[in-house]
Structure formats: C-alpha cells, structure tokens
Amino acid sequence: MVRHDVARSTWRRRGLPGFMGLCMLIAYAWGLMAALIWMVGPAGGGGYWKDMALHALAIGFVMTMVIAHVCMIVPSITRRPMPFHPVLKLDLALVQAGLVLRLLGTIQSLTGLWQSGDLVSILGLLSLMASVFLLTVRSEGVLERKRYLRMHGASASSSPSERPLAWSGWLPDRHRKAVMGVSTAVTALILLAFSLIAVGLPGGLASPLGGAQSEANAGAGQKAAATGSGAMVVPTGRTRRVDVRVSGMSFSPSTIRVNAGDRLVVDFSNTGDQRHDLVFASGQGTGVLPHGGHARVDLGVITASTGGWCSLPGHRQMGMVLTITAAGGAARTAGQSWEPVGNAAVPIAAQAKKFAGSVQPFDAGLPALKPAPDGLRSCTLVIRECREPLAPGLTRMVWSYDDGDDPRGGKGDTRPMSPGPVLRGRVGDTFHMTIRNEGSMSHSIDFHAGPALPERMMRPIEPGQSLEYTFKADHAGIWMYHCSSEPMALHIANGMFGAVVVDDGTLPAVDAEYVLTQSELYLGGDGDGADPGKLAAMRPDLMAFNGRPYQYDAHPLTAPAGGRVRLWLLNAGPNLPLSFHLIGAQFDTVWSEGRYLITQPGRTDAQLAAPATGSPASKALALQPAQGGFVEVTIAQPGRYPFTNHIMSLGEQGAHGVLSVR
C-alpha cells in the first residue's frame, strides 16, 4: 500500500510535464496528417477529405497544443493560478476520439461517422471549458490539496472533512461517484447511438458537404420510395463510387448504371481545358471547377433514373450530359427536365428602333491610324460579362471584349457592349495584345489578322488571368477576332467578336469611312445569354450591325453629297451569310478576301488578271461568316439611302441602317 501511494504521489508530481509531452506528440501527428492530405491531393477536391484536413489542423494540431499549454495560457490571462488536474486527460481523450471518428467517416465516406466525431469533439471542448473554469475558480483548494498530499500522503485515515476541498469538493463523496457514473453512462450511450446510426444506416446520414438540398435528398434515400411501376425501392446498404472526368465537351463515362436502392457517390475531376461543373436533376452539384479541380457529390440512395449536365452556357447542348440509369427503379426522377430554359419576348422592329434612338450607338467610324513606333501596336482588351438593355423591360447577357483605354458601360454610357473595339494597322505592323479576363468563366481569343500557334495564343484564359498575344499583320484586309473557347458559336453569339482593319497604305483618302460588322442575336430568357437551342437551329431572333439592331436607322451614318464613302464590312456570324446592299446606289469598287472584284475606272490593281472594261458596278457584296471586304460609292443626290442584308428575312430582323447624304 505504501509503495502504491508513493508511486501515485510521484506520478502526480510529474503529471503536467508528461501530459504536455503527450499532447505535443499527438498534435504533431495530426499536423503531419493534415499536411499529407493536402500534399497527396484528396483535399483539393473538397468534400470529406478537405473537411478532415481542416479538422486535423484546427482541432488536432492547434487545439491539442492549446490543451497542452492550458495550465500556462490561462494564468497569463486571468492572473490566477490554474493547477494541472488529471481531468484534463478526459478532455484530451474526448477531443481525440472525435477526430478519430471523423477520420473513419472520411475513409468510409460515411457522414454519420464524421457527424458523430463532431459531437464527441464538441463534448470534449465543452468539457475542457468547464475544467478550465472550475480549476481556475477553485485553484486555491486544488493547490492546498496538492500541498496536503505532498506533506501527509493520501492517508486513508484522514476523514473527508479534514481534507482540503478540491474542485470536486463541491459535492460530498457519496454523491460524487454517482454523478461521475451517470455522466460516463450518458456519454457512452450517446456514442453508441451515433455509431449504430452510422453503421446501420450508411445511406441515411450520408450527404455531401455542400448544402441542405443534398441532405434532404440523402435523407429521403433512407425511406422506401415508390417507382413508376408502383413497387417500393428499399435501400440495399451498398455504396457505388464512380469517377467522372471530362473528355473534350463530354463526360466520361457518360452513362452510369446503378441498382435501385444503392447509394451513389460521384467523384468529379475536371480534366478538360476550361471550366466545367456537374449538376444533377436533384439540384446537387459540384460548383464551377477550373482545370484540374475535383469535387465529390453524394447523391444518396438512387430510387429512379436521373441525370446530370454541365450548367455553363452551351456546354450542355454541346453534349456534356451524364445519364444515371437505375436498374429496377423509375424511368426518370419526377419533375426532371432536359429542355433549355427561358425564351424572352422578341421586340418588334418599331420597339427596337425606338429603343436604339434613346441610347448611344456604336461609333461606326473607322478609327484614325495612330503612329506606331517601330511598327509595334499595343492594346489591352478586357473580357467582361454584363447585362445590356435590348428594349424596354428586356435585357440580355453580353460577353464582350472591351477597350482597356475606353471602357464602356459606365455612368451615362449606353453604347453597345459588343462588338469589341475596331483595331487598325498597316501591313507589316506587329500587334501586341494583352487580354485580361474579368469574367466568371474561361474565355480565349483568336485573331485572324496574323498567324499564331493555337495551343499557345488561343489557350483558355481563366477568370482573373491575362494572356499576351502577339502577331504580325502580313496581309491587308478586314479580319475578325473572336473567342475560340467551346462552344465557339455561343461565345461569338454572346458578343465575343471584333474587327481588325489592316491596309497596305495604297488606299486613297475618302470623305467618309465606316466599319459595319454583322452578327446574329439568339435571345434566351430576360437577362440571359444566347439560347443554345436556337443557335443550334440557326434561327436568330434579331440581326444587328455593330451589336445593336436598327441602331443606324435611329442614328444614320452621314456622308457629303458627291463625296466618296468607303464601307468596311465584316460578317461575324456565327452562322448566317451577309449580302450587303445599299438601296439607291451602286458600288464602283468592291474588294473581298484579298482581291478586287470591281475597281473604279482608271484604278490599276496588280491582283486582277485583266482590267475591267467600261464602268463595272455592283449592288451587293456577299460574305460568309468570318469573311470581310469593303465597298466604295459616290452619291451625288442628297437623301436617305438605306443599307441592309439583302437576305431579306435577316435584314428585316435588324441588319439594317441608313446612310444620310447631305
């Protein structure tokens, strides 16, 4: 008995250093685990592993270090002593048990286990707070008891009334054991209950860490669900995990087959070259992920066939659809829709013209040719995504290239946000372009005006990133630039295009010179971007020159009577042709895609095999998407001369304007 008392007394004297050492070893172990989780990658995709890494760092390392030094930290703050007491070991054990349960839940992807770990960790932290409070408040009693034990030993002959009160001295000895027993039993029952739930109902508490919708879906999976045939689907207790990747503009695999009643966990990796996400008919999703991003979605118990898709504009229509087939379940989740959303009311011509008259037009004048030291021309284009009014009560989403030196959309600035600025240069000039993406998704750019390595210059630009794009203009003409990210047609239809005018210095001066770029508008819902379904069907709602239907009806271009006018023309498409026609006048000069089709009498052109005889003229210049050219005309009689796309259905949809000769 004496030997035992001496050993116990020695252990108590060495209790704090030993306790601190144990805590520090445990803390370092959790810190190392957190580092390994981040280093090997599983934390990068979010979900259970990211949660575990954060808890291992915040609670396993930081809080365990706090527990190790609590007897030093608290006195430095409260100015009261806080002696060590073995009860702190119970607090430490509860916190560590909670982390272990959470780790098991992470390994098995069982939400019930890491929720149990949460509860146990919380109990441990609450117990720690209570211990700190009591040991601080009763510090004098605890210290007196320690001094008494050192002087007299733990003599059984001393009565309880003769012993100084410790923190537990608030209760008589006969009650103290009962309270401790009840507390231990309650804690054990709570842990047992949560363990049974976690093990017995793996599909019930399992849910991704994303939100309430997923929890509701997973919770519903616990219960038997009716299929289309009226049969009941009972959870099987099995879990199916599937890795889904991106291949081009599709998911791989594109079909997942699972038995009805199984729980399905999808690990999604964005292995594409731009941003994607994966959303499901239930409303669950991964969020938009950059290239290399990972995320996990726990769909709970699958009771019916369902599906998922990429929600970025146009990606779903390009084929980014995932089908989940439930063997023995219903054919499709109730309320699931695979159809595009929206369709705004299309303004009639009178409404569009009236609105165009109330706002500023896109300046169609050809920009002046600025000096270029050593033939180098530098410019910054800023990619933006913003809503633009189209008619009273109707807006559309525009993705644009904006001039870094002359941004649009500020207070009082009502110019169209698309097309991008007209760039100008001479043959032989080098263009150095800085493209800055301030949008929310991946974009890119392709300049037709000069050669470039696509995989380098036309690579995706992530939000917040920039790209330096350099090309040399070796040939004259009007050249398109546009976004080359897939689906390319949608990015162009949403406004991501512009023109580069390069001349060889031989063009004679004219009295007025303009640039007109035709494009198509496929309206989605109010405030939305282009409707991919209409785009695929090549059925535009409106047409436009320089981004806004009918704006040059409301704000006519001007020219002097008898003066010479040059009209540079570009068809940005993305799909339909342009047959440019000026009503009431004839073109005596027509240039298209690198050659003169018709020249003014007396002008020589080395590109023509033989000079034209007489006085040739033309009434229309035909351009397919991405093609460009120019026409020249002299009009002697003052008046209003309409111009249009002579594919009349397209011209009447907004590819129309007026040249006012004064």
# chains A, B, ... in the order shown; residues from 1 in each chain; ligands from 1
call {"tool": "closest_atom_pairs", "arguments": {"of": "stretch 449-546 of chain A", "to": "stretch 399-402 of chain A", "cutoff": "8 Å", "atoms": "only C-alpha atoms", "output": "JSON lines"}}
result
{"residue": "A:His491", "atom": "CA", "partner": "A:Trp399", "partner_atom": "CA", "distance": 7.3}
{"residue": "A:Asn494", "atom": "CA", "partner": "A:Trp399", "partner_atom": "CA", "distance": 5.5}
{"residue": "A:Gly495", "atom": "CA", "partner": "A:Trp399", "partner_atom": "CA", "distance": 5.3}
{"residue": "A:Met496", "atom": "CA", "partner": "A:Ser400", "partner_atom": "CA", "distance": 4.9}
{"residue": "A:Phe497", "atom": "CA", "partner": "A:Tyr401", "partner_atom": "CA", "distance": 7.3}
{"residue": "A:Gly498", "atom": "CA", "partner": "A:Tyr401", "partner_atom": "CA", "distance": 7.9}
call {"tool": "write_last_selection", "arguments": {"atoms": "C-alpha atoms", "output": "PDB file, in the first residue's frame"}}
result
ATOM      1  CA  HIS A 491     -19.267  32.703 -77.250  1.00  0.00           C
ATOM      2  CA  ASN A 494     -22.950  36.337 -76.909  1.00  0.00           C
ATOM      3  CA  GLY A 495     -20.831  39.149 -78.339  1.00  0.00           C
ATOM      4  CA  MET A 496     -17.211  37.995 -78.282  1.00  0.00           C
ATOM      5  CA  PHE A 497     -16.022  39.293 -81.641  1.00  0.00           C
ATOM      6  CA  GLY A 498     -14.454  42.344 -83.262  1.00  0.00           C
TER       7      GLY A 498
END
call {"tool": "residues_around", "arguments": {"residues": "stretch 314-325 of chain A", "least_positions_apart": "2", "cutoff": "7 Å", "atoms": "only C-alpha atoms", "output": "MDAnalysis selection string"}}
result
chainID A and resid 249:251 254:258 305:312 327 487 490 532
call {"tool": "residues_around", "arguments": {"residues": "A:Asn575", "least_positions_apart": "2", "cutoff": "9 Å", "atoms": "only C-alpha atoms", "output": "NGL selection string"}}
result
:A and (489 or 519-520 or 535 or 538 or 572-573 or 577 or 624-625)
call {"tool": "residues_around", "arguments": {"residues": "stretch 36-40 of chain A", "least_positions_apart": "6", "cutoff": "10 Å", "atoms": "only C-alpha atoms", "output": "list in words"}}
result
Trp30, Trp49, Lys50, Met52, Ala53, Leu54 and Ala56 of chain A
call {"tool": "write_last_selection", "arguments": {"atoms": "C-alpha atoms", "output": "PDB file, in the first residue's frame"}}
result
ATOM      1  CA  TRP A  30      -2.370  15.462 -36.566  1.00  0.00           C
ATOM      2  CA  TRP A  49     -11.002  14.868 -47.213  1.00  0.00           C
ATOM      3  CA  LYS A  50     -10.855  18.642 -47.230  1.00  0.00           C
ATOM      4  CA  MET A  52     -10.737  16.126 -42.465  1.00  0.00           C
ATOM      5  CA  ALA A  53      -7.626  18.134 -43.313  1.00  0.00           C
ATOM      6  CA  LEU A  54      -9.117  21.294 -41.834  1.00  0.00           C
ATOM      7  CA  ALA A  56      -6.803  17.765 -38.299  1.00  0.00           C
TER       8      ALA A  56
END
call {"tool": "residues_around", "arguments": {"residues": "stretch 442-451 of chain A", "least_positions_apart": "4", "cutoff": "7 Å", "atoms": "only C-alpha atoms", "output": "list in words"}}
result
Gln274, Arg275, Met458, Arg459, Pro460, Ile461, Glu462, Pro463, Phe471, Lys472, Ala473, Asp474, Trp479, Met480, Tyr481, His482, Cys483, Ser484, Ser485 and Val500 of chain A
call {"tool": "closest_residue", "arguments": {"among": "A:Gln653, A:Gln465, A:Thr303, A:Thr286", "to": "A:Tyr522", "atoms": "only C-alpha atoms"}}
result
A:Gln653
call {"tool": "closest_residue", "arguments": {"among": "A:Val66, A:Val382, A:Leu523, A:Ala493", "to": "A:Val346", "atoms": "only C-alpha atoms"}}
result
A:Leu523
call {"tool": "select_by_dssp", "arguments": {"residues": "stretch 269-364 of chain A", "states": "helix (DSSP H, G or I)", "output": "list in words"}}
result
Ala349, Ala350, Gln351, Ala352, Lys353, Lys354, Phe355, Ala356 and Gly357 of chain A
call {"tool": "write_last_selection", "arguments": {"atoms": "N, CA and C atoms", "output": "PDB file, in the first residue's frame"}}
result
ATOM      1  N   ALA A 349     -39.811  45.433 -84.664  1.00  0.00           N
ATOM      2  CA  ALA A 349     -38.878  46.404 -85.245  1.00  0.00           C
ATOM      3  C   ALA A 349     -39.103  47.801 -84.693  1.00  0.00           C
ATOM      4  N   ALA A 350     -40.375  48.198 -84.550  1.00  0.00           N
ATOM      5  CA  ALA A 350     -40.660  49.547 -84.065  1.00  0.00           C
ATOM      6  C   ALA A 350     -40.134  49.745 -82.649  1.00  0.00           C
ATOM      7  N   GLN A 351     -40.298  48.730 -81.801  1.00  0.00           N
ATOM      8  CA  GLN A 351     -39.782  48.822 -80.430  1.00  0.00           C
ATOM      9  C   GLN A 351     -38.261  48.896 -80.416  1.00  0.00           C
ATOM     10  N   ALA A 352     -37.613  48.039 -81.221  1.00  0.00           N
ATOM     11  CA  ALA A 352     -36.151  48.024 -81.259  1.00  0.00           C
ATOM     12  C   ALA A 352     -35.602  49.341 -81.794  1.00  0.00           C
ATOM     13  N   LYS A 353     -36.254  49.924 -82.820  1.00  0.00           N
ATOM     14  CA  LYS A 353     -35.793  51.200 -83.371  1.00  0.00           C
ATOM     15  C   LYS A 353     -35.981  52.329 -82.365  1.00  0.00           C
ATOM     16  N   LYS A 354     -37.117  52.326 -81.660  1.00  0.00           N
ATOM     17  CA  LYS A 354     -37.370  53.371 -80.670  1.00  0.00           C
ATOM     18  C   LYS A 354     -36.345  53.301 -79.547  1.00  0.00           C
ATOM     19  N   PHE A 355     -36.046  52.073 -79.100  1.00  0.00           N
ATOM     20  CA  PHE A 355     -35.054  51.941 -78.038  1.00  0.00           C
ATOM     21  C   PHE A 355     -33.677  52.372 -78.534  1.00  0.00           C
ATOM     22  N   ALA A 356     -33.301  51.968 -79.752  1.00  0.00           N
ATOM     23  CA  ALA A 356     -31.992  52.340 -80.293  1.00  0.00           C
ATOM     24  C   ALA A 356     -31.843  53.854 -80.375  1.00  0.00           C
ATOM     25  N   GLY A 357     -32.956  54.563 -80.607  1.00  0.00           N
ATOM     26  CA  GLY A 357     -32.894  56.017 -80.664  1.00  0.00           C
ATOM     27  C   GLY A 357     -32.690  56.668 -79.319  1.00  0.00           C
TER      28      GLY A 357
END
call {"tool": "closest_residue", "arguments": {"among": "A:Asp429, A:Glu388, A:Asp267, A:Asp118", "to": "A:Gly409", "atoms": "only C-alpha atoms"}}
result
A:Glu388
call {"tool": "residues_around", "arguments": {"residues": "A:Leu521", "least_positions_apart": "3", "cutoff": "8 Å", "atoms": "only C-alpha atoms", "output": "NGL selection string"}}
result
:A and (493-494 or 530 or 540-544)
call {"tool": "residues_around", "arguments": {"residues": "A:Arg240", "least_positions_apart": "3", "cutoff": "9 Å", "atoms": "only C-alpha atoms", "output": "number ranges by chain"}}
result
A: 258, 262-266
call {"tool": "write_last_selection", "arguments": {"atoms": "N, CA and C atoms", "output": "mmCIF file, in the first residue's frame"}}
result
data_model
loop_
_atom_site.group_PDB
_atom_site.id
_atom_site.type_symbol
_atom_site.label_atom_id
_atom_site.label_comp_id
_atom_site.auth_asym_id
_atom_site.auth_seq_id
_atom_site.Cartn_x
_atom_site.Cartn_y
_atom_site.Cartn_z
ATOM 1 N N VAL A 258 -26.606 1.828 -62.120
ATOM 2 C CA VAL A 258 -26.585 1.507 -60.707
ATOM 3 C C VAL A 258 -27.871 0.778 -60.355
ATOM 4 N N ASP A 262 -29.173 1.362 -54.270
ATOM 5 C CA ASP A 262 -27.771 1.601 -53.938
ATOM 6 C C ASP A 262 -27.534 3.093 -53.721
ATOM 7 N N ARG A 263 -26.577 3.395 -52.882
ATOM 8 C CA ARG A 263 -26.146 4.777 -52.695
ATOM 9 C C ARG A 263 -25.070 5.081 -53.727
ATOM 10 N N LEU A 264 -25.150 6.269 -54.360
ATOM 11 C CA LEU A 264 -24.215 6.637 -55.420
ATOM 12 C C LEU A 264 -23.400 7.849 -55.001
ATOM 13 N N VAL A 265 -22.084 7.697 -55.082
ATOM 14 C CA VAL A 265 -21.158 8.798 -54.814
ATOM 15 C C VAL A 265 -20.361 9.044 -56.088
ATOM 16 N N VAL A 266 -20.404 10.289 -56.588
ATOM 17 C CA VAL A 266 -19.711 10.653 -57.823
ATOM 18 C C VAL A 266 -18.515 11.533 -57.479
#
call {"tool": "atom_distance", "arguments": {"atom1": "atom CA of A:His276", "atom2": "atom CA of A:Ala452"}}
result
26.3 Å
call {"tool": "closest_residue", "arguments": {"among": "A:Val132, A:Leu57, A:Leu101, A:Val244", "to": "A:Pro81", "atoms": "only C-alpha atoms"}}
result
A:Val132
